[in-house]
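Peer 1: Here you go, this is structure_23.cif (mmCIF, C-alpha atoms).
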```
data_coords
loop_
_atom_site.label_atom_id
_atom_site.label_comp_id
_atom_site.auth_asym_id
_atom_site.auth_seq_id
_atom_site.Cartn_x
_atom_site.Cartn_y
_atom_site.Cartn_z
CA MET A 1 58.82 -183.85 69.12
CA GLU A 2 59.56 -180.52 70.80
CA TRP A 3 62.99 -178.92 71.13
CA ILE A 4 63.32 -177.22 74.52
CA ASN A 5 65.78 -174.34 74.86
CA SER A 6 64.04 -171.99 77.30
CA THR A 7 63.08 -172.26 80.96
CA SER A 8 59.43 -171.49 80.22
CA GLY A 9 59.34 -174.21 77.58
CA LEU A 10 60.95 -176.63 80.01
CA GLU A 11 58.40 -175.81 82.72
CA ALA A 12 55.53 -176.53 80.32
CA ALA A 13 57.10 -179.79 79.14
CA CYS A 14 57.77 -181.00 82.68
CA ASP A 15 54.19 -180.15 83.69
CA ALA A 16 52.94 -182.33 80.81
CA LEU A 17 55.31 -185.18 81.67
CA ARG A 18 54.29 -185.03 85.33
CA GLN A 19 50.77 -186.06 84.33
CA GLN A 20 52.05 -189.49 83.28
CA ASP A 21 52.48 -192.56 85.48
CA PHE A 22 55.90 -193.13 83.93
CA ILE A 23 58.34 -191.36 81.64
CA ALA A 24 61.38 -192.55 79.72
CA VAL A 25 64.59 -190.58 80.20
CA ASP A 26 68.02 -190.62 78.57
CA THR A 27 70.98 -188.27 78.19
CA GLU A 28 73.77 -187.56 75.76
CA PHE A 29 77.08 -186.30 77.13
CA ILE A 30 80.79 -186.07 76.45
CA ARG A 31 83.65 -186.52 78.91
CA GLU A 32 86.75 -187.19 76.82
CA SER A 33 88.51 -184.02 77.96
CA THR A 34 86.92 -183.44 81.39
CA PHE A 35 86.60 -185.18 84.74
CA TRP A 36 82.91 -184.38 85.10
CA PRO A 37 80.66 -185.42 82.20
CA GLN A 38 79.41 -182.47 80.14
CA LEU A 39 75.66 -182.85 79.75
CA CYS A 40 74.73 -182.03 76.17
CA LEU A 41 71.17 -183.29 75.71
CA ILE A 42 68.29 -184.67 77.76
CA GLN A 43 65.61 -186.78 76.11
CA ALA A 44 62.27 -187.51 77.75
CA ALA A 45 59.04 -189.14 76.60
CA GLY A 46 55.80 -189.86 78.41
CA GLY A 47 52.40 -190.43 76.86
CA GLU A 48 52.21 -188.18 73.80
CA THR A 49 54.86 -185.76 75.10
CA GLU A 50 58.26 -186.19 73.46
CA VAL A 51 60.98 -183.62 74.10
CA LEU A 52 64.65 -182.93 73.55
CA ILE A 53 66.00 -180.57 76.22
CA ASP A 54 69.08 -178.49 75.40
CA PRO A 55 71.06 -177.94 78.63
CA LEU A 56 73.61 -175.91 76.63
CA ALA A 57 71.05 -173.26 75.70
CA ASP A 58 71.82 -169.79 77.08
CA GLY A 59 69.73 -168.96 80.13
CA LEU A 60 68.07 -172.37 80.43
CA ASP A 61 67.46 -173.27 84.11
CA LEU A 62 67.17 -177.03 84.62
CA GLU A 63 65.37 -176.68 87.95
CA PRO A 64 61.95 -177.75 86.51
CA PHE A 65 63.57 -180.94 85.21
CA TRP A 66 65.27 -181.65 88.55
CA ASP A 67 61.90 -181.19 90.26
CA LEU A 68 60.38 -183.73 87.89
CA MET A 69 63.17 -186.20 88.58
CA ALA A 70 62.52 -185.85 92.32
CA ASP A 71 58.74 -186.35 91.97
CA ASP A 72 58.06 -189.73 93.56
CA ARG A 73 54.66 -189.99 91.86
CA VAL A 74 56.28 -190.51 88.43
CA MET A 75 58.29 -193.60 87.56
CA LYS A 76 61.48 -192.72 85.67
CA VAL A 77 62.50 -195.40 83.15
CA PHE A 78 66.14 -195.59 82.02
CA HIS A 79 68.39 -198.09 80.29
CA ALA A 80 71.68 -198.79 82.11
CA PRO A 81 71.43 -195.38 83.81
CA ARG A 82 74.44 -195.30 86.10
CA GLN A 83 76.23 -192.58 84.10
CA ASP A 84 73.01 -190.60 83.63
CA LEU A 85 72.38 -190.68 87.37
CA GLU A 86 75.98 -189.72 88.09
CA ILE A 87 75.50 -186.59 85.97
CA PHE A 88 72.28 -185.66 87.75
CA PHE A 89 73.87 -186.31 91.16
CA HIS A 90 76.77 -183.98 90.36
CA MET A 91 74.82 -181.22 88.60
CA ALA A 92 71.81 -181.09 90.91
CA GLY A 93 73.54 -181.14 94.27
CA GLY A 94 73.15 -184.80 95.12
CA LEU A 95 69.79 -185.44 93.43
CA ILE A 96 69.01 -189.05 92.55
CA PRO A 97 65.78 -189.58 90.58
CA ALA A 98 63.22 -191.80 92.29
CA PRO A 99 61.50 -194.07 91.71
CA ILE A 100 63.50 -195.51 88.81
CA PHE A 101 63.36 -198.58 86.59
CA ASP A 102 66.32 -199.94 84.66
CA SER A 103 65.26 -201.77 81.51
CA GLN A 104 68.64 -203.52 81.30
CA VAL A 105 68.24 -205.09 84.74
CA ALA A 106 64.64 -205.96 83.90
CA ALA A 107 65.80 -207.71 80.74
CA MET A 108 68.31 -209.73 82.74
CA ALA A 109 65.61 -210.74 85.23
CA ILE A 110 63.45 -212.22 82.47
CA GLY A 111 66.29 -213.99 80.71
CA LEU A 112 67.01 -211.69 77.76
CA GLY A 113 70.77 -211.78 78.27
CA ASP A 114 73.59 -210.43 80.42
CA SER A 115 73.85 -206.61 80.18
CA ILE A 116 71.88 -206.62 76.93
CA ALA A 117 72.53 -203.66 74.63
CA TYR A 118 69.64 -201.27 74.09
CA ASP A 119 69.28 -201.91 70.37
CA LYS A 120 69.15 -205.68 70.94
CA LEU A 121 66.56 -205.27 73.67
CA VAL A 122 64.37 -203.13 71.41
CA LYS A 123 64.66 -205.73 68.67
CA ALA A 124 63.91 -208.62 71.02
CA VAL A 125 60.83 -207.07 72.66
CA LEU A 126 59.42 -204.64 70.08
CA ASP A 127 60.86 -206.13 66.89
CA ARG A 128 62.18 -202.70 65.88
CA SER A 129 65.57 -201.95 64.40
CA ILE A 130 67.53 -198.89 65.51
CA ASP A 131 69.54 -196.86 63.02
CA LYS A 132 72.89 -196.38 64.77
CA GLY A 133 74.30 -193.98 62.17
CA SER A 134 74.36 -191.05 64.62
CA ARG A 135 75.79 -193.06 67.49
CA PHE A 136 79.14 -191.26 67.57
CA THR A 137 77.76 -187.72 67.29
CA ASP A 138 79.53 -184.85 69.03
CA TRP A 139 76.47 -183.92 71.07
CA SER A 140 77.95 -180.56 72.09
CA ARG A 141 77.74 -179.18 68.55
CA ARG A 142 74.78 -177.08 67.48
CA PRO A 143 72.59 -177.29 65.59
CA LEU A 144 71.94 -181.04 65.60
CA THR A 145 70.86 -182.49 62.30
CA PRO A 146 67.38 -183.99 61.92
CA ALA A 147 68.99 -187.44 61.83
CA GLN A 148 70.84 -186.79 65.09
CA SER A 149 67.73 -185.43 66.78
CA GLY A 150 65.69 -188.38 65.55
CA TYR A 151 68.29 -190.85 66.82
CA ALA A 152 68.35 -189.21 70.25
CA LEU A 153 64.57 -189.08 70.54
CA ALA A 154 64.21 -192.74 69.52
CA ASP A 155 66.19 -193.70 72.61
CA VAL A 156 63.27 -192.64 74.80
CA THR A 157 60.30 -193.33 72.55
CA HIS A 158 61.33 -197.00 72.26
CA LEU A 159 62.02 -197.07 75.98
CA ARG A 160 58.57 -195.65 76.68
CA ASP A 161 57.06 -198.48 74.64
CA LEU A 162 59.31 -201.13 76.23
CA TYR A 163 58.38 -200.42 79.82
CA PRO A 164 54.80 -201.79 79.94
CA THR A 165 55.86 -205.09 78.36
CA LEU A 166 58.88 -205.50 80.61
CA ARG A 167 56.83 -204.66 83.68
CA GLU A 168 54.11 -207.15 82.69
CA ARG A 169 56.63 -209.94 82.17
CA LEU A 170 58.28 -209.20 85.51
CA GLU A 171 54.97 -209.16 87.33
CA THR A 172 53.90 -212.43 85.69
CA ALA A 173 57.17 -214.04 86.76
CA GLY A 174 56.96 -212.54 90.25
CA ARG A 175 60.28 -210.74 89.78
CA MET A 176 59.48 -207.08 90.25
CA GLY A 177 61.12 -207.34 93.66
CA TRP A 178 64.35 -208.49 92.04
CA VAL A 179 64.54 -205.32 89.96
CA ALA A 180 63.58 -203.15 92.94
CA GLU A 181 66.50 -204.62 94.89
CA GLU A 182 68.92 -203.63 92.13
CA MET A 183 67.41 -200.14 92.02
CA ASP A 184 68.39 -199.72 95.69
CA ILE A 185 72.02 -199.80 94.55
CA LEU A 186 71.43 -197.25 91.79
CA THR A 187 69.65 -194.86 94.16
CA ASP A 188 72.28 -195.07 96.91
CA PRO A 189 74.29 -191.81 97.07
CA ALA A 190 77.41 -193.83 97.92
CA THR A 191 77.32 -195.18 94.35
CA TYR A 192 78.15 -191.72 92.99
CA GLU A 193 80.22 -190.08 95.70
CA GLN A 194 83.83 -189.42 94.70
CA HIS A 195 86.12 -189.44 97.73
CA PRO A 196 89.79 -188.67 96.99
CA GLU A 197 90.87 -190.76 99.98
CA ASN A 198 89.48 -193.85 98.25
CA ALA A 199 91.06 -193.17 94.85
CA TRP A 200 93.89 -195.66 95.52
CA GLN A 201 91.34 -198.47 95.25
CA ARG A 202 91.30 -197.96 91.47
CA LEU A 203 94.97 -198.97 91.26
CA LYS A 204 96.75 -202.30 91.25
CA ILE A 205 98.73 -202.88 94.42
CA ARG A 206 102.28 -203.81 93.47
CA LYS A 207 103.98 -203.69 96.88
CA ASN A 208 102.92 -204.15 100.46
CA SER A 209 105.44 -201.98 102.34
CA PRO A 210 103.72 -199.31 104.49
CA LYS A 211 105.83 -196.50 103.02
CA TRP A 212 105.00 -197.39 99.43
CA LEU A 213 101.30 -197.91 100.21
CA ALA A 214 101.04 -194.66 102.16
CA ALA A 215 102.74 -192.71 99.36
CA LEU A 216 100.54 -194.33 96.70
CA LYS A 217 97.36 -193.54 98.63
CA ALA A 218 98.43 -189.92 99.12
CA ALA A 219 99.46 -189.50 95.47
CA ALA A 220 96.19 -191.01 94.25
CA ALA A 221 94.19 -188.69 96.53
CA TRP A 222 96.16 -185.71 95.21
CA ARG A 223 95.46 -186.70 91.60
CA GLU A 224 91.76 -187.14 92.34
CA GLU A 225 91.54 -183.69 93.89
CA GLU A 226 93.42 -182.12 91.01
CA ALA A 227 91.22 -183.87 88.45
CA GLN A 228 88.00 -182.81 90.15
CA THR A 229 89.08 -179.24 90.88
CA ARG A 230 90.58 -178.62 87.44
CA ASP A 231 87.91 -180.73 85.66
CA LEU A 232 90.46 -182.89 83.87
CA PRO A 233 90.55 -186.63 83.22
CA ARG A 234 92.68 -188.39 85.82
CA GLN A 235 95.15 -189.58 83.20
CA ARG A 236 95.74 -185.99 82.04
CA VAL A 237 96.81 -184.97 85.53
CA VAL A 238 99.24 -187.88 85.73
CA LYS A 239 99.03 -191.41 84.42
CA ASP A 240 98.75 -194.41 86.72
CA GLU A 241 102.39 -195.25 86.07
CA GLY A 242 103.27 -191.80 87.35
CA LEU A 243 101.57 -192.56 90.66
CA TYR A 244 103.63 -195.73 90.99
CA GLU A 245 106.80 -193.76 90.23
CA ILE A 246 105.90 -191.16 92.85
CA ALA A 247 105.19 -193.88 95.42
CA HIS A 248 108.55 -195.50 94.68
CA ALA A 249 110.50 -192.24 94.89
CA ALA A 250 108.59 -190.95 97.95
CA PRO A 251 109.70 -187.33 97.35
CA GLN A 252 109.68 -184.94 100.30
CA GLN A 253 110.74 -181.76 98.43
CA VAL A 254 109.47 -180.36 95.13
CA ASP A 255 112.98 -180.48 93.70
CA GLU A 256 112.89 -184.27 94.01
CA LEU A 257 110.11 -184.32 91.40
CA LYS A 258 112.51 -182.99 88.78
CA GLY A 259 113.45 -185.56 86.20
CA MET A 260 110.66 -188.04 86.93
CA ARG A 261 109.75 -189.58 83.59
CA ALA A 262 106.01 -189.64 84.28
CA LEU A 263 105.82 -185.92 85.12
CA PRO A 264 106.00 -183.07 82.58
CA ARG A 265 109.16 -180.99 82.37
CA GLY A 266 109.06 -178.13 84.83
CA PHE A 267 106.31 -179.74 86.91
CA GLU A 268 108.37 -179.21 90.09
CA ARG A 269 107.85 -175.45 89.71
CA SER A 270 104.07 -175.65 89.64
CA LYS A 271 101.36 -175.22 92.25
CA PRO A 272 100.14 -178.83 91.69
CA ALA A 273 103.66 -179.99 92.61
CA GLU A 274 103.45 -178.06 95.86
CA ARG A 275 100.09 -179.60 96.60
CA LEU A 276 101.46 -183.08 95.85
CA ILE A 277 104.35 -182.67 98.29
CA ALA A 278 101.93 -181.32 100.91
CA ARG A 279 99.76 -184.42 100.43
CA LEU A 280 102.73 -186.76 100.69
CA ALA A 281 104.27 -185.15 103.79
CA PRO A 282 102.07 -186.64 106.54
CA ALA A 283 101.97 -190.02 104.80
CA LEU A 284 105.77 -190.23 104.62
CA ALA A 285 106.16 -188.95 108.18
CA ASP A 286 104.08 -191.84 109.56
CA PRO A 287 103.58 -194.50 106.86
CA LYS A 288 101.99 -197.11 109.11
CA ALA A 289 99.27 -194.69 110.18
CA HIS A 290 98.49 -193.63 106.60
CA ALA A 291 98.95 -196.84 104.63
CA PRO A 292 95.67 -198.50 103.57
CA ASP A 293 94.90 -201.83 105.17
CA ILE A 294 95.35 -204.47 102.50
CA PRO A 295 94.06 -207.78 103.85
CA PRO A 296 95.82 -210.84 102.46
CA PRO A 297 93.78 -212.79 99.93
CA PRO A 298 91.82 -215.56 101.61
CA ARG A 299 93.49 -218.92 101.53
CA ARG A 300 91.55 -221.07 99.14
CA PRO A 301 91.07 -224.63 100.34
CA GLU A 302 92.48 -227.48 98.32
CA GLY A 303 90.25 -228.18 95.34
CA ALA A 304 88.64 -224.72 95.41
CA SER A 305 89.42 -224.09 91.74
CA ALA A 306 87.55 -227.24 90.75
CA THR A 307 84.67 -226.22 93.03
CA VAL A 308 84.44 -222.86 91.28
CA GLU A 309 84.18 -224.61 87.92
CA LEU A 310 81.36 -226.83 89.22
CA LEU A 311 79.58 -223.78 90.61
CA LYS A 312 79.83 -222.12 87.20
CA VAL A 313 78.10 -225.12 85.65
CA LEU A 314 75.40 -225.05 88.30
CA LEU A 315 74.92 -221.30 87.81
CA LYS A 316 74.47 -221.70 84.08
CA LEU A 317 72.02 -224.55 84.65
CA VAL A 318 69.93 -222.55 87.14
CA ALA A 319 69.96 -219.48 84.89
CA GLU A 320 68.70 -221.49 81.94
CA GLN A 321 66.04 -223.27 83.98
CA GLU A 322 64.75 -220.10 85.59
CA GLY A 323 65.04 -217.86 82.53
CA VAL A 324 67.27 -215.23 84.12
CA ALA A 325 70.68 -213.88 83.18
CA SER A 326 73.42 -215.67 85.13
CA ARG A 327 75.24 -212.38 85.80
CA LEU A 328 72.24 -211.09 87.74
CA ILE A 329 72.34 -214.14 90.01
CA ALA A 330 76.06 -214.36 90.78
CA THR A 331 79.44 -213.14 89.61
CA VAL A 332 82.67 -215.10 89.36
CA PRO A 333 84.00 -213.40 92.54
CA ASP A 334 80.78 -214.56 94.26
CA LEU A 335 81.48 -218.13 93.18
CA GLU A 336 85.09 -217.92 94.31
CA ALA A 337 83.98 -216.66 97.72
CA ILE A 338 81.37 -219.41 98.06
CA ALA A 339 83.99 -222.01 97.14
CA THR A 340 86.10 -220.73 100.02
CA SER A 341 83.38 -220.23 102.66
CA ASP A 342 79.78 -221.34 103.22
CA THR A 343 79.14 -218.03 104.99
CA ALA A 344 80.72 -215.72 102.41
CA ASP A 345 79.29 -212.19 102.47
CA VAL A 346 78.17 -212.09 98.85
CA ALA A 347 74.90 -211.21 97.15
CA ALA A 348 74.48 -214.77 95.85
CA LEU A 349 73.95 -215.96 99.44
CA ARG A 350 71.32 -213.35 100.27
CA GLY A 351 67.65 -212.81 99.47
CA TRP A 352 66.15 -214.15 96.29
CA ARG A 353 69.56 -215.11 94.94
CA ARG A 354 70.15 -217.50 97.83
CA GLU A 355 66.73 -219.04 97.33
CA LEU A 356 67.26 -219.41 93.59
CA PHE A 357 70.92 -220.45 93.52
CA GLY A 358 72.84 -220.01 96.76
CA GLU A 359 71.25 -222.89 98.67
CA ARG A 360 71.87 -225.27 95.79
CA ALA A 361 75.44 -224.01 95.52
CA LEU A 362 76.07 -224.87 99.17
CA LEU A 363 74.45 -228.28 98.76
CA LEU A 364 76.70 -228.93 95.77
CA LYS A 365 79.75 -228.06 97.88
CA GLN A 366 78.57 -230.37 100.64
CA GLY A 367 78.11 -233.27 98.25
CA LYS A 368 74.34 -233.31 98.71
CA VAL A 369 73.66 -232.31 95.10
CA GLY A 370 75.37 -233.86 92.10
CA LEU A 371 75.75 -232.75 88.49
CA SER A 372 75.40 -235.26 85.70
CA LEU A 373 74.75 -235.52 81.99
CA GLU A 374 71.50 -236.96 80.70
CA ASN A 375 70.90 -237.07 76.97
CA GLY A 376 73.57 -234.44 76.47
CA ARG A 377 72.10 -232.04 79.04
CA VAL A 378 73.45 -231.13 82.47
CA THR A 379 71.15 -231.97 85.37
CA ALA A 380 71.40 -231.45 89.11
CA LYS A 381 69.99 -234.06 91.50
CA SER A 382 69.92 -234.57 95.25
CA LEU A 383 72.25 -237.29 96.44
#
```
Represent the supplied structure as structure tokens.

Peer 2:
Amino acid sequence: MEWINSTSGLEAACDALRQQDFIAVDTEFIRESTFWPQLCLIQAAGGETEVLIDPLADGLDLEPFWDLMADDRVMKVFHAPRQDLEIFFHMAGGLIPAPIFDSQVAAMAIGLGDSIAYDKLVKAVLDRSIDKGSRFTDWSRRPLTPAQSGYALADVTHLRDLYPTLRERLETAGRMGWVAEEMDILTDPATYEQHPENAWQRLKIRKNSPKWLAALKAAAAWREEEAQTRDLPRQRVVKDEGLYEIAHAAPQQVDELKGMRALPRGFERSKPAERLIARLAPALADPKAHAPDIPPPPRRPEGASATVELLKVLLKLVAEQEGVASRLIATVPDLEAIATSDTADVAALRGWRRELFGERALLLKQGKVGLSLENGRVTAKSL
């Protein structure tokens, strides 16, 4: 294992890793007190090269690592990498590593469980136990202890050893395409873009009046901008309840912010208060033009709830028969949509999912497939 804290050392390590067909990558970060994750450690392993890269080291330029991540000749293997990729996207100006392979999705595709934890996957495939004693390390502190460094490195050395077996099982089952389809989502820039105008979508909608909706959307966009610009967690700018209070009060002057329970004392005298009022002004001047379009929930046909329950049974049956995690095939919202419409725009009715499950789901709805119990086991038969 090599500890990398200089640009020259990083260049040499990345040159060595680039010689491999695939490398395993992981990160350690903290984000409790910031909006953007603070990258504290990068782990990488490929062939005999095993490195811990210290992005906090003075003068270290990560450009050689970003170049490696962009090299399409090297497969990058991660486990549940969405947060890792979000960090890279933000720090490296929109970079998304490619090609990539997610061992968690691969495990789901070969029936090792829904969103299986890394330690359980390592145990199931490699029969190795992971010491989780350093799991809650403050990765920003230096120096790391040998135990902490060993724990971090093990994340990628096990992953390096997992990949060939997972790939072989996927190829044998003819499911590499399934994983590739999921990787398209992880490598889509839209997955990581943070648009303040869409921040309202994180919130529960409590009213449907245009004025309230327009004010809530504007307040949520203001909070998102403040959080990103000041690098603070959203809830430290103002809690969700504060956004609801602002939407209800619909203030047009900073003085109207005085006395709001969800805002700190004296907030009305601050620059963020001025920016909030500026954000709210156009929304309150023309609420209908600024309110988000909230479509009414689709009317569920009579008996739809029972249909959803039958679809759940069918999904579990198909998942068990095919040896794939049910969550990878369809979600509960998918099933609810299918129960309502045969042409629902959901993943379960597209591609390999439709072939595996969606067609049978529609036949079940149409009464052309029936579920029954035989010797204590659920079966599905054409009627």

Peer 1: For Val51 of chain A, which residue among A:Ala154, A:Ser115, A:Ala98, A:Asp21 is the nearest when counting only C-alpha atoms?

Peer 2: A:Ala154

Peer 1: By how many Å are atom CA of Gln366 of chain A and atom CA of Arg350 of chain A apart?

Peer 2: 18.5 Å

Peer 1: Please tell me which residues are no farther than 10 Å from (61.3, -173.3, 78.4) in the file, counting all atoms listed in the file, and write them as an NGL selection string.

Peer 2: :A and (3-14 or 53-54 or 59-62 or 64)

Peer 1: Restricted to C-alpha atoms, what would the selected residues look like written as a PDB file, in the coordinates of the input?

Peer 2:
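Saved file again27.pdb follows:
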```pdb
ATOM      1  CA  TRP A   3      62.990-178.920  71.130  1.00  0.00           C
ATOM      2  CA  ILE A   4      63.320-177.220  74.520  1.00  0.00           C
ATOM      3  CA  ASN A   5      65.780-174.340  74.860  1.00  0.00           C
ATOM      4  CA  SER A   6      64.040-171.990  77.300  1.00  0.00           C
ATOM      5  CA  THR A   7      63.080-172.260  80.960  1.00  0.00           C
ATOM      6  CA  SER A   8      59.430-171.490  80.220  1.00  0.00           C
ATOM      7  CA  GLY A   9      59.340-174.210  77.580  1.00  0.00           C
ATOM      8  CA  LEU A  10      60.950-176.630  80.010  1.00  0.00           C
ATOM      9  CA  GLU A  11      58.400-175.810  82.720  1.00  0.00           C
ATOM     10  CA  ALA A  12      55.530-176.530  80.320  1.00  0.00           C
ATOM     11  CA  ALA A  13      57.100-179.790  79.140  1.00  0.00           C
ATOM     12  CA  CYS A  14      57.770-181.000  82.680  1.00  0.00           C
ATOM     13  CA  ILE A  53      66.000-180.570  76.220  1.00  0.00           C
ATOM     14  CA  ASP A  54      69.080-178.490  75.400  1.00  0.00           C
ATOM     15  CA  GLY A  59      69.730-168.960  80.130  1.00  0.00           C
ATOM     16  CA  LEU A  60      68.070-172.370  80.430  1.00  0.00           C
ATOM     17  CA  ASP A  61      67.460-173.270  84.110  1.00  0.00           C
ATOM     18  CA  LEU A  62      67.170-177.030  84.620  1.00  0.00           C
ATOM     19  CA  PRO A  64      61.950-177.750  86.510  1.00  0.00           C
TER      20      PRO A  64
END
```

Peer 1: To test your reading of the syntax: which residues would the PyMOL selection byres ((chain A and resi 193) around 10) return for the file shown? Reply as a PyMOL selection string.

Peer 2: chain A and resi 86+89-90+94+188-192+194-196

Peer 1: With a distance cut-off of 9 Å and all atoms listed in the file, select the neighbouring residues of Glu274 of chain A, excluding the residue or stretch itself and same-chain residues fewer than 5 positions from it, and output the selection as an MDAnalysis selection string.

Peer 2: chainID A and resid 253:254 268:269 279

Peer 1: Between atom CA of Gln235 of chain A and atom CA of Leu56 of chain A, measure the distance and give it in Å to one decimal.

Peer 2: 26.3 Å

Peer 1: With distances taken over only C-alpha atoms, which of A:Asp26, A:Ala247, A:Leu232, A:Ile96 is nearest to Trp212 of chain A?

Peer 2: A:Ala247
